[in-house]
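To start, the structure itself, in C-alpha cells.
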Protein chains: 4
Amino acid sequence: MILILKTGIGTQSREYKQLLDFLSNKNNITTRTHSEIGTQQTVTEVYLVGDTASLAIGEMEGLPGVERVVRISQDYRVLGRHHADNRANGFTYNGVRFDQDSLNIFAGLCAVDNPRHVEMMLKALQERGQVCTRMGAYKPRTSPYSFQGHGKTCLPYVFELAGKYGIKVVAMEVTHDEHVTEIRNALEEAGNPTGVMLQIGTRNTQNFELLKAVGRQSELPVLLKRGFGITLEESLNAAEYMASEGNFKVIFGLRGIKTNMGDPHRNLVDFSHVPVVRRLTRMPVCIDPSHSVGSRDRDPDGILDVFHVTAQGIIAGANMVLVDFHPNPSAALVDGPQALRMDELDYFLEDIAIARKAYEERKVLRQKQDS
Amino acid sequence: MILILKTGIGTQSREYKQLLDFLSNKNNITTRTHSEIGTQQTVTEVYLVGDTASLAIGEMEGLPGVERVVRISQDYRVLGRHHADNRANGFTYNGVRFDQDSLNIFAGLCAVDNPRHVEMMLKALQERGQVCTRMGAYKPRTSPYSFQGHGKTCLPYVFELAGKYGIKVVAMEVTHDEHVTEIRNALEEAGNPTGVMLQIGTRNTQNFELLKAVGRQSELPVLLKRGFGITLEESLNAAEYMASEGNFKVIFGLRGIKTNMGDPHRNLVDFSHVPVVRRLTRMPVCIDPSHSVGSRDRDPDGILDVFHVTAQGIIAGANMVLVDFHPNPSAALVDGPQALRMDELDYFLEDIAIARKAYEERKVLRQKQDS
Amino acid sequence: MILILKTGIGTQSREYKQLLDFLSNKNNITTRTHSEIGTQQTVTEVYLVGDTASLAIGEMEGLPGVERVVRISQDYRVLGRHHADNRANGFTYNGVRFDQDSLNIFAGLCAVDNPRHVEMMLKALQERGQVCTRMGAYKPRTSPYSFQGHGKTCLPYVFELAGKYGIKVVAMEVTHDEHVTEIRNALEEAGNPTGVMLQIGTRNTQNFELLKAVGRQSELPVLLKRGFGITLEESLNAAEYMASEGNFKVIFGLRGIKTNMGDPHRNLVDFSHVPVVRRLTRMPVCIDPSHSVGSRDRDPDGILDVFHVTAQGIIAGANMVLVDFHPNPSAALVDGPQALRMDELDYFLEDIAIARKAYEERKVLRQKQDS
Amino acid sequence: MILILKTGIGTQSREYKQLLDFLSNKNNITTRTHSEIGTQQTVTEVYLVGDTASLAIGEMEGLPGVERVVRISQDYRVLGRHHADNRANGFTYNGVRFDQDSLNIFAGLCAVDNPRHVEMMLKALQERGQVCTRMGAYKPRTSPYSFQGHGKTCLPYVFELAGKYGIKVVAMEVTHDEHVTEIRNALEEAGNPTGVMLQIGTRNTQNFELLKAVGRQSELPVLLKRGFGITLEESLNAAEYMASEGNFKVIFGLRGIKTNMGDPHRNLVDFSHVPVVRRLTRMPVCIDPSHSVGSRDRDPDGILDVFHVTAQGIIAGANMVLVDFHPNPSAALVDGPQALRMDELDYFLEDIAIARKAYEERKVLRQKQDS
C-alpha cells in the first residue's frame, strides 16, 4: 500500500511525523519513504510493507498529510501500475525527459574502439540535434577469449567528447558494481560534461547484487534489459530490485527473446510487449532493434529489417531506441554486422519520424472514440 | 532451375515440345510444367528437378522458347525468391488481388454460430466497403469434448449470405481433404455466390497429406498458418508442399509463437517476420492479431494490444489481416474473449489506415535513398 | 463420470437397459458405452458426459448393474487416471501385452527401403526372441522434394516377412486415414500373418481428423507421439480424441522436445516425463531414443548417447522402446546417421536388461518402505 | 594449443625458461602457464593463445621440456576435451575426489534457517557416512520482497557444525564476489573445520565478473549451474571464464531447462546432457533433481519423480547430486514443497546405489564389446 502525501508535506513536517508514529503502532507493518524532488514540487510517498491487507483504505486516507492511497498488488510494488493508480510516471535526467509519452533515440557505438570513431559518431548526432547516445565500454562476451571492451580507460575521452558535442545522456552497460564507481569518478573528474544512463544487460537481469548496487545510488538512471529465458514477469520483478533500494529512475528494455523460433533473426523480436510493459508498470519502454535482429538483411523493397522492427516498436508506443551505428561496421570490434552506417543516420531518423507520427495519430483516433 | 518461357509459348506450341524433347535426354533431370493463365497473357514455367547443377545457365537460355532462367536454391523451389529472381508474385482470385503489395482485411467470425450473427457481420462489412471475411465452420479443438464447429451444415447459409452482401472471398479453415470437397460442392450448389480461401491452421502446418490435397486443386487459394514449435524455414517448406502439387495461390500466415515467453499474450507475436517472409518467398503475408494476442487488454491510453500488433504488422508490410469480430463476444462459442465488437469495426479500419499510410510513406522514403 | 458395471452385465442385459432408461431422463446428460471384451470376462463401462456435477455418486452407485463409480476431471476422461481410480490399464494385442508394467522393444527400420534389409532385420530379431519391430512405410518429410517412403507398395512383403519371422506387432506410421485402410487391406490379403500398431507422428499429434479416423477402428492399437511445440497436457488431450471415438488401445510416445536448448542432440530428451504420463493417464509409455538424440555420439567411455537415454527411460519405468536399426546405416534413405548397426543389437538388448533390472529393484525397494 | 611439460619441469627450470624465450619470438602468440601441484607430482601446462594455426605440432613437440602437445579447438580451451586429448580430469579437495568417474551426494538444506535444522541434517549425514552437504546462505530470489537468505551471519555455526559432524565439503551459492571473501574469512576464523564448494546459480551463469572473481582464487572449487535460456555451449563457455583466470576445479551442474514444455515439472529435466558434458569437457557433472522437478509428485507405484530423475542422471554417469532435504519441509523458508524428508534419506541413498550399480555394469558391458 502506498500513501501519497499532499504537496508540501515533506519528511520534516509535523504531519509526516504524526503519520509515522501512527503507523509504527500497527503490527507487522513496516514503512519506507521515498521523496521525488522536482523543480516545481516535491512528492513524498510512504510505502507500507507487510500485512497491509488488514488496513482499511478509508482509515488510511484519513491520516494526517495523506492525499491519496493506492493499494498495490504483490508484484512490482514500486514500479507497477496498480488499481486506480494514476501516479505520474517517468523522470527528468540532465535535462532530458524520460516517461511513457516521450521518445529518445540512443544511436551510438556498441563497443567503443577509439576516440576517432567516438568523435565521428557524436559529431554526427549533434548535427542532427540528438542529445543521447550509446557507448559500450564494458562488454560481457560469451567467451573469455573475446575482446571484453576498453573498460574505464576509455571513459575520459568518451565523456569529454560527449560534452564537446552537447550529448546529455550516454547509455553504458555495467557488469559489476565497481563499474558504477568508475563511471561516477570519471564523470566527476571530467567535470560532469555529460550524464550516464547505466545499462544492465540481458545476462545480468537477475544478477540481483548488481541491481541492488545500482539501486542504492539514485543519481544515475538505469536501463534494465529483459532477461534471457525468463518470463516477462520475472524481468519486471528484477526492475523492482532497483526500486526497492531507492532508485526509481528505471527504464525497461526489450531486446528480443533468445530462441531458434526467431531465425533468421538473432532473436525473436518481442516489441509486441511495448504496450504490455506500459500497462503493467510505469516504466518507460526501450527497444533494441540492433540486437534483436542481428543482421543487415532487407525486404524486397530494400528496407532493412532493423528499420522495420524499429517502426513496429515506435508505432506501438516505445519511448526509447537503443541502436548500433558505426563509422566502419566491418572494422567494429563487437557486433559489426548488424550496425547501421553513418550515412544511414538521416534516413533512420526520418523513418522513425514517420512511425512516431502514425503513433500520435493513433492516440488521437483512440481519444475520439470516447467522445 | 526454372525456365520461364516467352509470352505466348504454351504447352501446345512447337517450341515447348522441342524443349521437352531436349530435356528428356538429360540424365537425372525431370521436368514439371506450370502455366499461370491470366486475363492478359499466359506465363508458362518449366521446373527442372534433379541434378540441375550440371546444367549451364547459358545453354538453357539458348533453348527454344526460353525467355529467362532462374537457378533456385534447395528450399522453397516454387514459392521462394531466388538469386536474380524478379518473377511476379501473387494472384487474383474472384476479382480480389493478393500479392506482396496489396492489403486485404478479413474480419469475421472465428466460429460460425448462427445465421443471424453471420448476417450482422457481413452486412457491417458491406457497409464499410469490405469484400473479404473469415467464417470458421470446421474448428480443431484441443479437447475432443469441446464444440468442434458446425461443419458443412452451415455452409449453405454462409455462402448465400456472403453473396447477398457482396463478399468475394471467405477464409475458412479445413482440417481434412473431404472438407475441401464439401466446400466446393456447397459453393457449386449455391451457384458460386462467393469465393473461398482455404485455411490450414497451425496444428496442421505439417499435415502433409492435407497440404497435398489442397495443392492438387488450384481453384481455391490457400492460407497456410505458421506451425507450432517448428522453425520458420520448416513452415515455409510446408507451403512448398502445395506448390509442388500445382497450387501456387498460397498466402503465408503469421499467428504468433506458442511459448510462455509471450505471456501475458497468448502467444509471442512474430510479426517481425513479415519482411523475412517477403524476402525469402514470393508469398503474400497474412497476420492474425486475434490469436496472437488472445485478450482484450489495453495500454494505459486505452488502445487494445490487438490494435497495436495489427499496426505493427501493417507498418512492416503485411498484406492480409485475419481478425476475429463478433456481434456478441461474450456469447461466442469459440475464442470470444479476444474478439472485437461490431462497434469497433470503423475504428479498427481507421487505425489500420493510419499504419498503412505510414508504411507507404516509408517505402517512398526508401526509394528516395537510391536517387 | 464413469459407471463401471458388474462382471457379466453386458449391453444385452436387463440391468443395462434399466440403467440407460433411468439415465435418459436426466437433463443434459448423454451416455456412451464401451465394452472391453477379454478372454476371461467382459467389462462394460458407461461414460456420462454433460452436467455430471449434478449427479450424486451415492445415487449412481445404487443403480442397477453398477459396480463402481469414478468421477473424472475435465481432462483425459477416458485415458486419464482419476481420483480413486483403480481401473486396470493396458491391453493385449495379437498375443503381446502392453500396459504400464510391461516392456516391449520395437527395433527396426525407420524407413523400409528394400525386402533384403527388412528380412535381415526381422531375422535378427527372431534370433533374439523379439516379437515386435518398427517398419516405416509412409514417411512425412519436411520438404516435398525428399523421399516420402514406399507407402503401400512395400506392405505385402513387410507383412509376409514379419509372419515368416514370428513378428507379432509391426509399428508403422500413418499420415492419412486411407493409410489405415491400405494397411488393413494388406494385412487381410496376406492372411494376417502379423499385427500392426498404427503410429501417429509428432507432426500429426493435433491432426484431429486423423486421430478420429484411427479411433473409429478399435482393432489396431495406436502409438501417439507427443507433439512439437505444444504442452504435455495438450498432447495427452490429443490421445483422448482416439479414446472418445472408441479405441482405448493407445500408447503414448515421448520423442524429445524440439528446441535448440537440446543441442547438440537433435531434440531435448524428455524421458523425465515417463513417470508423469504414468501418473496422469493409464497409457503405457513409449520412448524413442533414436529421434530424440539424432546422432551416434558417445561419452568418453564409448557408450552411445542413444544407449544412455534409453537406459534413462527404462530405469524410470518406460514400457516400450522404438529404436532405429539398419543393416547399412550409411545407405539408409531416412535418418541413417542415428541408426544402430545390426552388430549392436545384442549389446543394446543387454544394456536395456541392466536398466530394466535396476528399475525392478527400485520398485521392490519402494514397496519395502511401506512395510 | 597446450604444451604439456615433462614431469619435474617446473617454472623455475632451465628448460621452461628456454621454452618461454623461444615462444616470445613468435608473432601474435601469447602464453599462459598453469601448474597443477599434486601430492605426487606437479604438472605444468603452457597455453598458447593467438595465431596458433601457424605453429606446427611437430616443431612444438621438439621444444625443450615438452612432453606432449594438444591442439585445441576454439571453445573451452582449458576445460574442454580436444582431439587426442587424454589429459586427466578432476581434482581432490579437502580429501574428497571429484572427477568424471566419482560420485558424491550433496544432500542438505536449500536455505539455512536455524542451527537446529542444520545440526539435524548434518548429524543424519554423518550417520550414513556422508561427507558432503549443501547449505544455502545467500539466496537469489525473483522478488526483492522475498526472504534472501541469512547470508554471512549463519556461516559461523554452519561451518562449526560441519566440522563437528565430519563434513568435508559444503556446497554454498554465492552471488557476489564479497560473498567469497566472507566465506573464506569465516572458514579461517572457525579454524577451517570443513571446506566449501562455491556454487554459481543459473541466474548468474553469465555474470562474468562473478565468474572471474571465483576464478581468481583457486583454493575453493566451483559448481557452475547451467544458465536459463542459453545454449549448453554458452554455459560451457561460461565455465571457461573461471578456468581462464586460473581455477580449474570446476564442476558443471545440470538443473533443468526453464520452459513450459517441462510442465508439470518446474523445469524440463536435462540429464540426457550428462554424457554430452562428459564428452565435450573434462568437468565432473552434477545433477540437481530437486530444482529440476520442483514437486513431490509420485508415479502410480509411489516412487517420487525426484527419485526417478536422480536415477536417470546416475545411470548415465552423473558424478554429483545436489538435493534438497529438510527436517520439516512445510516450514522451510525456500522451496519447501520439493524437499525430501529426513526419514527418506536412507531410501534415497539406497535408490541411488541401485542406479549407480547399473551404471557400473553398463560400463563393464561396454568394455566387453571391444574385446
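A note on labels: chains of the C-alpha cells are A, B, ... as shown, every chain counts residues from 1, and ligands are counted from 1 in their shown order.
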
Close residues, Ile183 (chain A) itself excluded, 10 Å, only C-alpha atoms, min 6 positions apart in chain, as a list in words =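 Using only C-alpha atoms, the neighbours found are Gly151, Lys152, Leu155, Pro156, Phe159, Met172, Val174, Glu189, Gly195, Val196 and Leu198 of chain A.
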
Next, the residues of the selection above should be written as a compact mmCIF listing (two decimals), in the first residue's frame with all heavy atoms.
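File part36.txt, as written:
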```txt
# COMPACT_ATOMS: atom_id res chain seq x y z
N GLY A 151 36.82 -0.78 -21.16
CA GLY A 151 36.60 -0.52 -19.75
C GLY A 151 36.86 0.93 -19.38
O GLY A 151 36.67 1.84 -20.19
N LYS A 152 37.35 1.14 -18.14
CA LYS A 152 37.45 2.50 -17.63
C LYS A 152 38.46 3.35 -18.37
O LYS A 152 38.41 4.58 -18.30
CB LYS A 152 37.75 2.48 -16.14
CG LYS A 152 39.13 1.99 -15.78
CD LYS A 152 39.35 2.06 -14.27
CE LYS A 152 40.66 1.39 -13.90
NZ LYS A 152 40.86 1.36 -12.45
N LEU A 155 36.81 5.89 -20.62
CA LEU A 155 35.79 6.81 -20.10
C LEU A 155 36.18 8.28 -20.24
O LEU A 155 35.35 9.10 -20.65
CB LEU A 155 35.48 6.48 -18.62
CG LEU A 155 34.91 5.08 -18.36
CD1 LEU A 155 34.60 4.90 -16.88
CD2 LEU A 155 33.66 4.83 -19.21
N PRO A 156 37.44 8.67 -19.93
CA PRO A 156 37.77 10.10 -20.00
C PRO A 156 37.49 10.71 -21.38
O PRO A 156 36.82 11.75 -21.49
CB PRO A 156 39.26 10.13 -19.66
CG PRO A 156 39.47 8.93 -18.78
CD PRO A 156 38.55 7.89 -19.35
N PHE A 159 33.61 10.79 -22.22
CA PHE A 159 32.83 11.83 -21.54
C PHE A 159 33.21 13.22 -22.05
O PHE A 159 32.35 14.08 -22.23
CB PHE A 159 33.04 11.73 -20.02
CG PHE A 159 32.45 10.47 -19.43
CD1 PHE A 159 32.93 9.95 -18.23
CD2 PHE A 159 31.41 9.80 -20.08
CE1 PHE A 159 32.38 8.79 -17.69
CE2 PHE A 159 30.87 8.63 -19.53
CZ PHE A 159 31.36 8.13 -18.34
N MET A 172 25.36 3.23 -21.09
CA MET A 172 26.61 2.49 -20.96
C MET A 172 26.39 1.26 -20.08
O MET A 172 25.97 1.39 -18.93
CB MET A 172 27.64 3.42 -20.33
CG MET A 172 29.03 2.87 -20.25
SD MET A 172 30.20 4.18 -19.72
CE MET A 172 30.62 4.94 -21.28
N VAL A 174 26.99 -1.75 -17.57
CA VAL A 174 27.88 -2.10 -16.45
C VAL A 174 27.62 -3.55 -16.08
O VAL A 174 26.51 -4.05 -16.21
CB VAL A 174 27.66 -1.19 -15.21
CG1 VAL A 174 28.12 0.22 -15.51
CG2 VAL A 174 26.21 -1.21 -14.76
N GLU A 189 35.66 13.61 -12.43
CA GLU A 189 36.98 14.11 -12.82
C GLU A 189 36.92 14.94 -14.10
O GLU A 189 37.70 15.87 -14.28
CB GLU A 189 37.94 12.93 -13.02
CG GLU A 189 38.47 12.39 -11.69
CD GLU A 189 39.17 11.05 -11.83
OE1 GLU A 189 39.69 10.78 -12.93
OE2 GLU A 189 39.15 10.27 -10.85
N GLY A 195 25.90 13.19 -18.92
CA GLY A 195 25.31 12.28 -17.94
C GLY A 195 25.39 10.86 -18.44
O GLY A 195 25.65 10.62 -19.61
N VAL A 196 25.17 9.90 -17.53
CA VAL A 196 25.25 8.49 -17.92
C VAL A 196 23.98 7.75 -17.50
O VAL A 196 23.50 7.93 -16.37
CB VAL A 196 26.49 7.81 -17.31
CG1 VAL A 196 26.40 6.29 -17.43
CG2 VAL A 196 27.76 8.31 -17.98
N LEU A 198 23.03 4.07 -16.76
CA LEU A 198 23.62 2.74 -16.58
C LEU A 198 22.74 1.71 -17.27
O LEU A 198 21.51 1.82 -17.24
CB LEU A 198 23.73 2.41 -15.09
CG LEU A 198 24.55 3.40 -14.27
CD1 LEU A 198 24.41 3.08 -12.77
CD2 LEU A 198 26.02 3.38 -14.68
```

Taking only C-alpha atoms into account, what are the residues of chain A at most 10 Å from chain C, put as a list in words?
-> Lys258, Thr259, Asn260 and Met261 of chain A

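The gap separating CA of Ser218 (chain D) from CA of Pro140 (chain A) is 22.5 Å, in Å to one decimal.
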
Near Asp346 (chain B), counting only C-alpha atoms, which residues have an atom at most 10 Å away, once you skip same-chain residues fewer than 3 positions from it, shown as a count of residues only?
-> 9

What are the closest atom pairs, with distances in Å to one decimal, for all residues of region 93-202 of chain C lying within 7 Å of region 227-245 of chain B? Consider only C-alpha atoms, order rows by chain and residue number, and present the result as a Markdown table.
```
| residue | atom | partner | partner_atom | distance |
| --- | --- | --- | --- | --- |
| C:Thr142 | CA | B:Glu234 | CA | 6.3 |
| C:Ser143 | CA | B:Asn237 | CA | 5.6 |
| C:Pro144 | CA | B:Tyr241 | CA | 5.2 |
```

Quick one: pick out all strand (DSSP E or B) residues within region 6-98 of chain A from a backbone DSSP run and write them as an MDAnalysis selection string.
-> chainID A and resid 29:37 42:50 66:70 80 91:93 96:98

Resulting file, chosen residues, N, CA, C and O atoms, as a compact mmCIF listing (two decimals), in the first residue's frame:
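Output saved as part-v6.txt:
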```
# COMPACT_ATOMS: atom_id res chain seq x y z
N ILE A 29 3.64 -4.19 10.12
CA ILE A 29 3.71 -3.22 9.03
C ILE A 29 5.02 -2.45 9.16
O ILE A 29 5.33 -1.94 10.24
N THR A 30 5.80 -2.43 8.08
CA THR A 30 6.99 -1.57 8.10
C THR A 30 6.82 -0.52 7.01
O THR A 30 6.05 -0.70 6.06
N THR A 31 7.53 0.58 7.17
CA THR A 31 7.35 1.69 6.22
C THR A 31 8.67 2.03 5.56
O THR A 31 9.75 1.75 6.08
N ARG A 32 8.56 2.64 4.40
CA ARG A 32 9.72 3.09 3.65
C ARG A 32 9.26 4.35 2.92
O ARG A 32 8.23 4.34 2.26
N THR A 33 10.03 5.40 3.04
CA THR A 33 9.60 6.67 2.46
C THR A 33 10.45 7.04 1.26
O THR A 33 11.67 6.88 1.28
N HIS A 34 9.79 7.51 0.22
CA HIS A 34 10.52 7.96 -0.97
C HIS A 34 10.07 9.36 -1.34
O HIS A 34 8.88 9.61 -1.47
N SER A 35 11.04 10.27 -1.50
CA SER A 35 10.70 11.63 -1.93
C SER A 35 11.24 11.87 -3.32
O SER A 35 12.43 11.66 -3.58
N GLU A 36 10.38 12.30 -4.19
CA GLU A 36 10.79 12.65 -5.56
C GLU A 36 10.87 14.17 -5.59
O GLU A 36 9.87 14.88 -5.54
N ILE A 37 12.11 14.67 -5.66
CA ILE A 37 12.30 16.11 -5.56
C ILE A 37 12.34 16.72 -6.96
O ILE A 37 13.29 16.52 -7.71
N THR A 42 7.84 18.79 -4.54
CA THR A 42 8.35 17.51 -4.07
C THR A 42 7.18 16.61 -3.73
O THR A 42 6.23 17.03 -3.07
N VAL A 43 7.25 15.37 -4.24
CA VAL A 43 6.20 14.41 -3.91
C VAL A 43 6.77 13.38 -2.95
O VAL A 43 7.82 12.79 -3.23
N THR A 44 6.11 13.19 -1.84
CA THR A 44 6.57 12.20 -0.87
C THR A 44 5.57 11.04 -0.81
O THR A 44 4.37 11.26 -0.74
N GLU A 45 6.12 9.84 -0.88
CA GLU A 45 5.28 8.65 -0.84
C GLU A 45 5.77 7.74 0.29
O GLU A 45 6.97 7.55 0.46
N VAL A 46 4.83 7.18 1.03
CA VAL A 46 5.19 6.24 2.09
C VAL A 46 4.71 4.86 1.68
O VAL A 46 3.51 4.65 1.44
N TYR A 47 5.64 3.93 1.57
CA TYR A 47 5.30 2.55 1.19
C TYR A 47 5.10 1.73 2.45
O TYR A 47 5.97 1.71 3.32
N LEU A 48 3.99 1.05 2.53
CA LEU A 48 3.72 0.17 3.66
C LEU A 48 3.90 -1.26 3.19
O LEU A 48 3.30 -1.68 2.20
N VAL A 49 4.73 -2.00 3.91
CA VAL A 49 5.01 -3.38 3.55
C VAL A 49 4.60 -4.28 4.69
O VAL A 49 4.73 -3.90 5.86
N GLY A 50 4.14 -5.46 4.37
CA GLY A 50 3.78 -6.43 5.41
C GLY A 50 2.31 -6.78 5.31
O GLY A 50 1.79 -6.96 4.21
N VAL A 66 -2.10 12.77 4.27
CA VAL A 66 -2.29 11.82 3.18
C VAL A 66 -3.23 12.40 2.12
O VAL A 66 -4.34 12.83 2.43
N GLU A 67 -2.79 12.41 0.89
CA GLU A 67 -3.58 12.93 -0.23
C GLU A 67 -4.40 11.79 -0.85
O GLU A 67 -5.55 11.95 -1.17
N ARG A 68 -3.71 10.61 -1.02
CA ARG A 68 -4.33 9.55 -1.77
C ARG A 68 -3.70 8.22 -1.35
O ARG A 68 -2.55 8.18 -0.92
N VAL A 69 -4.43 7.14 -1.49
CA VAL A 69 -3.93 5.82 -1.10
C VAL A 69 -4.04 4.88 -2.31
O VAL A 69 -5.07 4.85 -2.97
N VAL A 70 -2.98 4.16 -2.59
CA VAL A 70 -3.01 3.16 -3.67
C VAL A 70 -2.73 1.79 -3.07
O VAL A 70 -1.72 1.58 -2.41
N GLY A 80 5.16 -0.78 -10.45
CA GLY A 80 3.96 -1.26 -11.13
C GLY A 80 2.87 -0.21 -11.22
O GLY A 80 2.91 0.84 -10.57
N PHE A 91 10.79 10.43 -15.38
CA PHE A 91 11.72 11.30 -14.65
C PHE A 91 12.47 12.17 -15.65
O PHE A 91 12.44 11.90 -16.86
N THR A 92 13.11 13.19 -15.12
CA THR A 92 13.96 14.03 -15.94
C THR A 92 15.39 13.85 -15.47
O THR A 92 15.66 13.86 -14.27
N TYR A 93 16.29 13.61 -16.41
CA TYR A 93 17.70 13.44 -16.04
C TYR A 93 18.56 14.30 -16.94
O TYR A 93 18.47 14.20 -18.17
N VAL A 96 16.89 15.91 -19.81
CA VAL A 96 16.16 15.11 -20.80
C VAL A 96 15.01 14.38 -20.10
O VAL A 96 15.19 13.79 -19.04
N ARG A 97 13.84 14.45 -20.70
CA ARG A 97 12.66 13.84 -20.11
C ARG A 97 12.50 12.40 -20.57
O ARG A 97 12.59 12.09 -21.76
N PHE A 98 12.29 11.50 -19.61
CA PHE A 98 12.03 10.08 -19.91
C PHE A 98 10.73 9.68 -19.25
O PHE A 98 10.66 9.63 -18.02
```

Would you mind listing what lies within 8 Å of region 275-287 of chain A as a VMD selection string, with only C-alpha atoms counted and same-chain residues fewer than 2 positions away left out?
-> (chain A and resid 76 79 to 82 88 to 90 98 to 101 250 to 255 271 to 273 289 310 313 316 to 322) or (chain B and resid 264 298 to 300 305 308)

Could those residues be written to a file, using C-alpha atoms, as a compact mmCIF listing (two decimals), in the first residue's frame?
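That gives us out33.txt:
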```
# COMPACT_ATOMS: atom_id res chain seq x y z
CA TYR A 76 6.12 -4.60 -8.87
CA LEU A 79 7.27 0.45 -10.37
CA GLY A 80 3.96 -1.26 -11.13
CA ARG A 81 0.66 0.24 -12.17
CA HIS A 82 -1.91 -0.68 -9.60
CA ALA A 88 2.80 10.12 -12.68
CA ASN A 89 5.48 8.12 -14.44
CA GLY A 90 8.97 8.90 -15.63
CA PHE A 98 12.03 10.08 -19.91
CA ASP A 99 8.48 8.88 -19.44
CA GLN A 100 5.82 6.78 -21.15
CA ASP A 101 4.99 9.59 -23.58
CA VAL A 250 14.37 2.83 -14.26
CA ILE A 251 13.68 2.17 -17.96
CA PHE A 252 12.79 -1.30 -19.17
CA GLY A 253 14.38 -2.56 -22.37
CA LEU A 254 13.00 -5.12 -24.82
CA ARG A 255 15.73 -6.84 -26.83
CA PHE A 271 8.21 -5.43 -29.32
CA SER A 272 4.60 -6.55 -29.09
CA HIS A 273 5.29 -6.28 -25.37
CA PRO A 289 16.35 -3.32 -32.74
CA THR A 310 12.11 -0.12 -35.06
CA GLY A 313 8.21 -0.60 -31.67
CA ALA A 316 3.06 0.83 -30.55
CA GLY A 317 4.43 3.48 -28.19
CA ALA A 318 8.11 2.75 -27.48
CA ASN A 319 9.83 5.56 -25.57
CA MET A 320 13.47 4.92 -26.28
CA VAL A 321 15.51 3.30 -29.06
CA LEU A 322 18.97 1.86 -28.49
CA PRO B 264 0.58 -12.33 -20.83
CA ARG B 298 -5.27 -2.30 -23.39
CA ASP B 299 -2.37 0.07 -22.90
CA PRO B 300 -2.76 2.96 -20.42
CA ASP B 305 -2.99 -4.73 -27.72
CA HIS B 308 -1.12 -2.35 -31.56
```

Non-local contacts of His291 (chain C) (8 Å; only C-alpha atoms; under 2 positions in same chain excluded) as a ChimeraX atom specification = /C:255-256,266-267,288-289,293-294,338

Could you write out that same residue set with N, CA, C and O atoms as a short mmCIF file (atom, residue, chain, number, x, y, z; two decimals), in the first residue's frame?
```cif
data_model
loop_
_atom_site.label_atom_id
_atom_site.label_comp_id
_atom_site.auth_asym_id
_atom_site.auth_seq_id
_atom_site.Cartn_x
_atom_site.Cartn_y
_atom_site.Cartn_z
N ARG C 255 9.35 -38.37 -27.44
CA ARG C 255 10.35 -38.36 -28.50
C ARG C 255 11.21 -37.11 -28.49
O ARG C 255 11.83 -36.76 -29.48
N GLY C 256 11.22 -36.44 -27.32
CA GLY C 256 12.05 -35.25 -27.21
C GLY C 256 11.30 -34.00 -27.62
O GLY C 256 10.32 -34.06 -28.35
N ARG C 266 19.49 -33.78 -31.26
CA ARG C 266 18.52 -33.21 -32.20
C ARG C 266 17.34 -32.60 -31.46
O ARG C 266 16.80 -31.58 -31.86
N ASN C 267 16.95 -33.22 -30.37
CA ASN C 267 15.87 -32.72 -29.54
C ASN C 267 16.30 -32.77 -28.08
O ASN C 267 17.27 -33.46 -27.75
N ASP C 288 11.39 -42.92 -27.58
CA ASP C 288 12.03 -43.02 -28.89
C ASP C 288 13.42 -42.39 -28.79
O ASP C 288 13.59 -41.19 -29.03
N PRO C 289 14.42 -43.19 -28.39
CA PRO C 289 15.76 -42.61 -28.18
C PRO C 289 16.42 -42.18 -29.49
O PRO C 289 17.22 -41.23 -29.49
N VAL C 293 17.77 -38.22 -29.81
CA VAL C 293 19.20 -37.91 -29.81
C VAL C 293 19.68 -37.53 -31.21
O VAL C 293 20.40 -36.53 -31.37
N GLY C 294 19.33 -38.33 -32.19
CA GLY C 294 19.63 -37.95 -33.57
C GLY C 294 21.08 -38.02 -33.98
O GLY C 294 21.47 -37.41 -34.97
N GLN C 338 21.65 -41.75 -37.27
CA GLN C 338 21.38 -42.08 -35.88
C GLN C 338 21.13 -43.57 -35.68
O GLN C 338 21.03 -44.03 -34.54
#
```
